[in-house]
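Colleague: Mind having a look at this structure? Questions to follow.
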Protein chains: 4
Amino acid sequence: MNVVSYQPTPAELSYTFGGRPAVGRVQPGTIIEMSTEDCFGGRVRSVEDLPSRVCEFPYLNPVTGPFHVEGAEPGDTLALHFVAIEPARDWAVSTTFPHFGALTGTHTTAMLQPPLDEVVWLYDVDVDKGVVRYHARRSDFTVELPLDPMHGTVGVAPGASEARMTITPDAHGGNMDTPELRAGVTVYLGVNVEGGLFAIGDGHARQGHGEVCGTAVEAAMNTVVAVELIKGVSTPWPRLEDDGHLMSTGSARPLEDAYRISQHDLVTWTSELTGLDTLDAYQLVSQAGQAPVGNVCDTNYTMVAKLPKDYLGGPAVYESAHSRLRELGRRYLSER
Amino acid sequence: MNVVSYQPTPAELSYTFGGRPAVGRVQPGTIIEMSTEDCFGGRVRSVEDLPSRVCEFPYLNPVTGPFHVEGAEPGDTLALHFVAIEPARDWAVSTTFPHFGALTGTHTTAMLQPPLDEVVWLYDVDVDKGVVRYHARRSDFTVELPLDPMHGTVGVAPGASEARMTITPDAHGGNMDTPELRAGVTVYLGVNVEGGLFAIGDGHARQGHGEVCGTAVEAAMNTVVAVELIKGVSTPWPRLEDDGHLMSTGSARPLEDAYRISQHDLVTWTSELTGLDTLDAYQLVSQAGQAPVGNVCDTNYTMVAKLPKDYLGGPAVYESAHSRLRELGRRYLSER
Amino acid sequence: MNVVSYQPTPAELSYTFGGRPAVGRVQPGTIIEMSTEDCFGGRVRSVEDLPSRVCEFPYLNPVTGPFHVEGAEPGDTLALHFVAIEPARDWAVSTTFPHFGALTGTHTTAMLQPPLDEVVWLYDVDVDKGVVRYHARRSDFTVELPLDPMHGTVGVAPGASEARMTITPDAHGGNMDTPELRAGVTVYLGVNVEGGLFAIGDGHARQGHGEVCGTAVEAAMNTVVAVELIKGVSTPWPRLEDDGHLMSTGSARPLEDAYRISQHDLVTWTSELTGLDTLDAYQLVSQAGQAPVGNVCDTNYTMVAKLPKDYLGGPAVYESAHSRLRELGRRYLSER
Amino acid sequence: MNVVSYQPTPAELSYTFGGRPAVGRVQPGTIIEMSTEDCFGGRVRSVEDLPSRVCEFPYLNPVTGPFHVEGAEPGDTLALHFVAIEPARDWAVSTTFPHFGALTGTHTTAMLQPPLDEVVWLYDVDVDKGVVRYHARRSDFTVELPLDPMHGTVGVAPGASEARMTITPDAHGGNMDTPELRAGVTVYLGVNVEGGLFAIGDGHARQGHGEVCGTAVEAAMNTVVAVELIKGVSTPWPRLEDDGHLMSTGSARPLEDAYRISQHDLVTWTSELTGLDTLDAYQLVSQAGQAPVGNVCDTNYTMVAKLPKDYLGGPAVYESAHSRLRELGRRYLSER
């Protein structure tokens, strides 16, 4: 088993996809143990640490990477299997952020109303019990919510010589903020530049659907990823696979366009996998498909289209990368 | 137990919310056994029956009702508990419909491209086995999907002397097309006119999220509803309650506005129920809330915001109407 | 010349399109002199009269009518030529309105921020000088703006048994709020119900593009309209014609859909009028077309697509109704 | 007068804002004579040259530059005055482009319908007569339209280490595609990186509002720009000034957000310039403001908010850069 470990210093974190040299090179088949910082770069550590004071815009939402995958070329697909996503601290944090979130005027949904108050919530993270603990700020209400660790941000360098802030999700991945991206899931990303240059960040101890206030239960993570390269197979938008489902994502505005992209990709993918006529696939996805909401707060919104593999006869996709990586991950976990 | 039965003739079906006299009057506490037609008025019965030929626009999406609830006045809330939703036939139907659906140009998302083909799919409905059977039209692919009966359309007469086509969801309810509206669920609708004038239709044997092709597995239903009236309590947008969850809906365009309405209502409702400060409630919903997609194909789109009641300490809402109606429904089912 | 005069009492005003009997019947060829109230029903008369206090929701945006046009049947088109639109008072009024307007959270763009202040501005209307005079409320700044009277609202009864609040623009017309609808313009409206049932209201002494704060310089008007009926010619969305231009409108959300509808209609109309292939018409409109913004604040947004008639060789549309009505209007004005 | 001339070779053209070193350095006060290629890089030269065949994606929409302005630092503003924009050839070109444009499904408004035909139109450009000549492709219809040269694309390097395709308009400028950007206009762009790094391209012999088919009358240009630097004054979104008007731009999706940004900026700018209270400025812009549509086809849509300077008492903005540069431009033109 080829295992490498990478713990970036703060100065080694990235704030864009594209426009940065790789922090390391890995062979397909490698397992990478990495640490990731939270979206505030770890600077919000108490309810007194308002992001607008302790963070330095635009240095938000840092990612670990990018990693150059040997042999990856435009037109290929990277398979990133999340073996483990484990909170690195016993606390996590969330905030309202001025002019950010779904229920407030923003930079683009420009309003004349004053911004909402900037407030920080500190969560206890109890890995053994499998919960995070919410504490109200303006009363003594408290409640435990299930721990469900995930990464908000994963992506590769975009094409066309672009470099995009990590906060932006698009066809290259980025800040999709979908709770579907948890351990046990494989993410497929189309390669746009040599080496692919993938990076990962923005761990969430858990997240509601849409991340309505703009931030989740933000947590530094110790994350293990197994990497494969599928040569000569392209991927138009990020796709996910878990043991039971195929998933397509779309990131755009307005939100119906994110829905359209994700459902369109799932329909055409279904058609390719099964030989179904496009309209037959459209019909099947219409009745059997799910649509988990990713984010409704970032610079692009994200929707996921999800289909049980059983309905398609359990097709092998991407040369069975998921089941192979899943097995590799299981071996890794049993041996560590 | 006060049980009434109502089976409308085709001429008695309604095509608007508002603008029509009641078909009957019921006391709060009544259980109504009713039949509902499918969205095509039962005219699409084989794959040869193209809607554009056999249906007569705008006579689509008929609803059973409206029913006048004695004592209902503007500012009150109707509680409609769905005791049973049972397919009335052993088949159901779905279609692509010219210029309708999420992945095609429409009346308002006007495009110069020609419409998609109009195609009909006939499903077998097997209640005993709990499945519907999909048959591809252009190959011999077939697959069974879980039966999950629901109503796409439920609503009351809108205020302001409006009458709205049943296809349109808005603050009065209407064609929300959410799979959350299944048996065991109570729907709360704010009363806008005397008697409330609720109506129900558009049964689906099952539906994918967003109803991406524009139609679900459309089915006539035998449906049982238990009615209560909550006096002096208003409801801004339709809300749902099941044994475990509170739900708010929003219907608007673009889709992010449907999301905003539903999440905004869930946040303010959470704040009312728990005494939490608004921003504390915003934070809690952000991390604990779900966002099932209703429709992304109708004249307004619909999103649902959903929260486990446990997280709020299991508050009683609407004077515990749901648990009372749930119990009444159980008695009805055990006695029939 | 067949001239009728109609001055409604407050109780005779309408608040919906559809759902109301006609206030009168007119023959095609008739000139109607009518008075219209402002959008506040004339109740906001000083800067102290906050709409939320003096108005009674939903009794806003009253229209004069509806008028039954003899012989009008579904599939026909009404031609309404605006001969004169004259302010009825020497003052007009505008306001910010809680949760209404483009730069604030609204009923559907739901936000947690508090609403903007409700403020009233009173304008002087100086018809002789051709100006309205703006007075700042929180300083002594004042400026004169050109008087440019128009009607925000004109429409017919919608089809499908609907009744819509007058505030809503859609395919039947309604509150389009386009400054293009001034004296000298002919509006074409497709007939959906017997008699057409047109109504007119919401006069503006002038209006910026998009009515960004939600209200224009709202004014009661004395308005003269000449009516014609074009039999057997349907009109999908309201169209306008002035001496130099053809115009199509679209009303929907999001705003790009309003743009799409209006441009799509102008392209297909251009193709019909000239015999140009659809893509050739698309190209011509793309380079020669204008796109005046109607409203970006109502329940649907409105865009106008506008093309100089010269570029099409000055085609006669709707059986030359505009030039005929224009001539009739000129005669009326010279004789009164 | 400090005049420099720059004619890039094809290899020197840029396809992003950001991520590229400057092609040259200029002092504030410099006049730059430059040539720009059309959006197809000059490769579409006849109706047989389909873009999908002769162009190489993503090498579209090349810009001339970027130019480093000496002394420009983040927080400053560049003033670019367009002295002259002159078609470089006696022909120009437009096309429908698969999955691009407002009346077709696109990359993000994903549809299952087949794309529109790819068609090329060749225009005659007659500078002396001041017209372009349209020729239908599928009939012999022809018409002359006024020549009105403009640049679709102007911008600076974005902040946050981003590099954006030139096709994308955003806060840094880019492909705004507004016909307001013609000779005689000054564009103000906020500086995000040292030197500003501005670039210019995408000349249009003329353009309809919204560029509905996705391309304008695309033309190579000989363009003259006078550059100034306003130190210590920031600019949130690109602004324009002509002899009579102030203009703010906004670029986002959905289109109402582009409208909101532009109107919000015009309101707050008006307030700053006049000392008016924000709501007083909101009211004034609501009644006096215009809203020319930029593009409704690019990756972000663009709207312009425009106000006659007279209404504000003709304030001096940006240290009177426009009138000074206008005068400089006049001198240049009279002397060349």
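Please note that chains go A, B, ... in the order of the structure tokens, that every chain numbers its residues from 1, and that ligands are numbered from 1 in the order shown.
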Where does DSSP see helix (DSSP H, G or I) in region 105-336 of chain B, if you list the residues as number ranges by chain?
Modeller: B: 255-274, 278-288, 309-312, 318-335
Colleague: Using the chain letters and numbers from this document, which residues of region 84-282 of chain C does DSSP assign to strand (DSSP E or B), as a count of residues only?
Modeller: 79
Colleague: As a ChimeraX atom specification, could you give me every residue of chain B near chain D (at most 6 Å apart, counting only C-alpha atoms)?
Modeller: /B:103-104,111-112
Colleague: Keeping only C-alpha atoms, write those residues as an mmCIF file, in the first residue's frame.
Modeller:
data_model
loop_
_atom_site.group_PDB
_atom_site.id
_atom_site.type_symbol
_atom_site.label_atom_id
_atom_site.label_comp_id
_atom_site.auth_asym_id
_atom_site.auth_seq_id
_atom_site.Cartn_x
_atom_site.Cartn_y
_atom_site.Cartn_z
ATOM 1 C CA LEU B 103 -34.873 20.184 -19.230
ATOM 2 C CA THR B 104 -36.704 21.870 -22.069
ATOM 3 C CA MET B 111 -36.360 29.021 -26.548
ATOM 4 C CA LEU B 112 -36.216 28.763 -30.318
#
Colleague: Quick one: residues within 6 Å of region 180-190 of chain A, only C-alpha atoms, excluding same-chain residues fewer than 3 positions away - as a list of chain:residue names?
Modeller: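 After dropping sequence-adjacent residues, the list is A:Thr77, A:Leu78, A:Ala79, A:Leu80, A:His81, A:Phe82, A:Val83, A:Ala84, A:Ile85, A:Met150, A:Ser234, A:Thr235, A:Pro238, A:Arg239, A:Leu240, A:Glu241, A:Asp242, A:His322.
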Colleague: Find the residues near region 277-292 of chain D: any atom within 7 Å, counting only C-alpha atoms, skip ones fewer than 3 places away on the same chain, and give them as number ranges by chain.
Modeller: C: 136-138, 206-209, 211-213, 216-217, 293; D: 267-268, 270-271, 303-307
Colleague: Those same residues - N, CA, C and O atoms - I'd like them written as a compact mmCIF listing (two decimals), in the first residue's frame.
Modeller:
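This went into selection-v3.txt:
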# COMPACT_ATOMS: atom_id res chain seq x y z
N ALA C 136 -36.39 66.00 -1.74
CA ALA C 136 -35.82 65.06 -0.78
C ALA C 136 -36.54 65.21 0.55
O ALA C 136 -37.04 66.29 0.89
N ARG C 137 -36.63 64.12 1.29
CA ARG C 137 -37.29 64.17 2.58
C ARG C 137 -36.34 64.54 3.71
O ARG C 137 -36.74 65.11 4.70
N ARG C 138 -35.08 64.19 3.55
CA ARG C 138 -34.16 64.37 4.67
C ARG C 138 -33.09 65.44 4.38
O ARG C 138 -32.04 65.48 5.02
N ARG C 206 -44.25 59.88 -14.18
CA ARG C 206 -43.04 59.38 -14.83
C ARG C 206 -42.51 58.20 -14.00
O ARG C 206 -42.94 57.98 -12.86
N GLN C 207 -41.55 57.49 -14.57
CA GLN C 207 -41.03 56.30 -13.90
C GLN C 207 -39.62 56.02 -14.38
O GLN C 207 -39.33 56.13 -15.57
N GLY C 208 -38.75 55.67 -13.47
CA GLY C 208 -37.44 55.18 -13.87
C GLY C 208 -37.55 53.75 -14.38
O GLY C 208 -38.59 53.11 -14.25
N HIS C 209 -36.45 53.25 -14.94
CA HIS C 209 -36.48 51.91 -15.55
C HIS C 209 -36.38 50.83 -14.48
O HIS C 209 -35.36 50.70 -13.81
N GLU C 211 -38.56 50.56 -11.95
CA GLU C 211 -39.32 51.00 -10.77
C GLU C 211 -38.64 50.44 -9.53
O GLU C 211 -39.25 49.77 -8.70
N VAL C 212 -37.34 50.79 -9.39
CA VAL C 212 -36.48 50.06 -8.46
C VAL C 212 -36.97 50.09 -7.02
O VAL C 212 -36.88 49.10 -6.30
N CYS C 213 -37.54 51.21 -6.56
CA CYS C 213 -38.00 51.26 -5.17
C CYS C 213 -39.39 50.66 -5.01
O CYS C 213 -39.91 50.57 -3.90
N ALA C 216 -43.65 54.26 -8.65
CA ALA C 216 -43.26 55.33 -9.55
C ALA C 216 -43.79 56.66 -9.00
O ALA C 216 -44.14 56.75 -7.83
N VAL C 217 -43.83 57.68 -9.84
CA VAL C 217 -44.48 58.94 -9.44
C VAL C 217 -45.97 58.73 -9.71
O VAL C 217 -46.48 58.99 -10.81
N VAL C 293 -36.39 48.00 -19.99
CA VAL C 293 -36.82 47.30 -18.78
C VAL C 293 -38.17 47.83 -18.33
O VAL C 293 -38.38 49.05 -18.30
N VAL D 267 -27.37 54.13 -6.58
CA VAL D 267 -28.02 54.78 -5.43
C VAL D 267 -26.98 55.24 -4.41
O VAL D 267 -27.00 56.39 -3.96
N THR D 268 -26.06 54.36 -4.06
CA THR D 268 -25.09 54.74 -3.03
C THR D 268 -24.11 55.79 -3.56
O THR D 268 -23.71 56.69 -2.84
N THR D 270 -24.88 58.07 -5.86
CA THR D 270 -25.68 59.29 -5.86
C THR D 270 -25.70 59.91 -4.46
O THR D 270 -25.56 61.13 -4.30
N SER D 271 -25.87 59.07 -3.48
CA SER D 271 -25.91 59.55 -2.10
C SER D 271 -24.58 60.20 -1.72
O SER D 271 -24.54 61.29 -1.14
N MET D 303 -26.16 44.38 -16.42
CA MET D 303 -27.09 45.50 -16.53
C MET D 303 -26.33 46.79 -16.20
O MET D 303 -25.38 46.78 -15.41
N VAL D 304 -26.80 47.88 -16.76
CA VAL D 304 -26.23 49.20 -16.50
C VAL D 304 -27.31 50.06 -15.84
O VAL D 304 -28.48 49.96 -16.20
N ALA D 305 -26.93 50.85 -14.86
CA ALA D 305 -27.83 51.84 -14.25
C ALA D 305 -27.29 53.21 -14.61
O ALA D 305 -26.11 53.47 -14.42
N LYS D 306 -28.13 54.08 -15.14
CA LYS D 306 -27.67 55.30 -15.81
C LYS D 306 -28.49 56.49 -15.34
O LYS D 306 -29.73 56.40 -15.29
N LEU D 307 -27.82 57.59 -15.05
CA LEU D 307 -28.52 58.76 -14.53
C LEU D 307 -27.95 60.02 -15.17
O LEU D 307 -26.72 60.19 -15.21
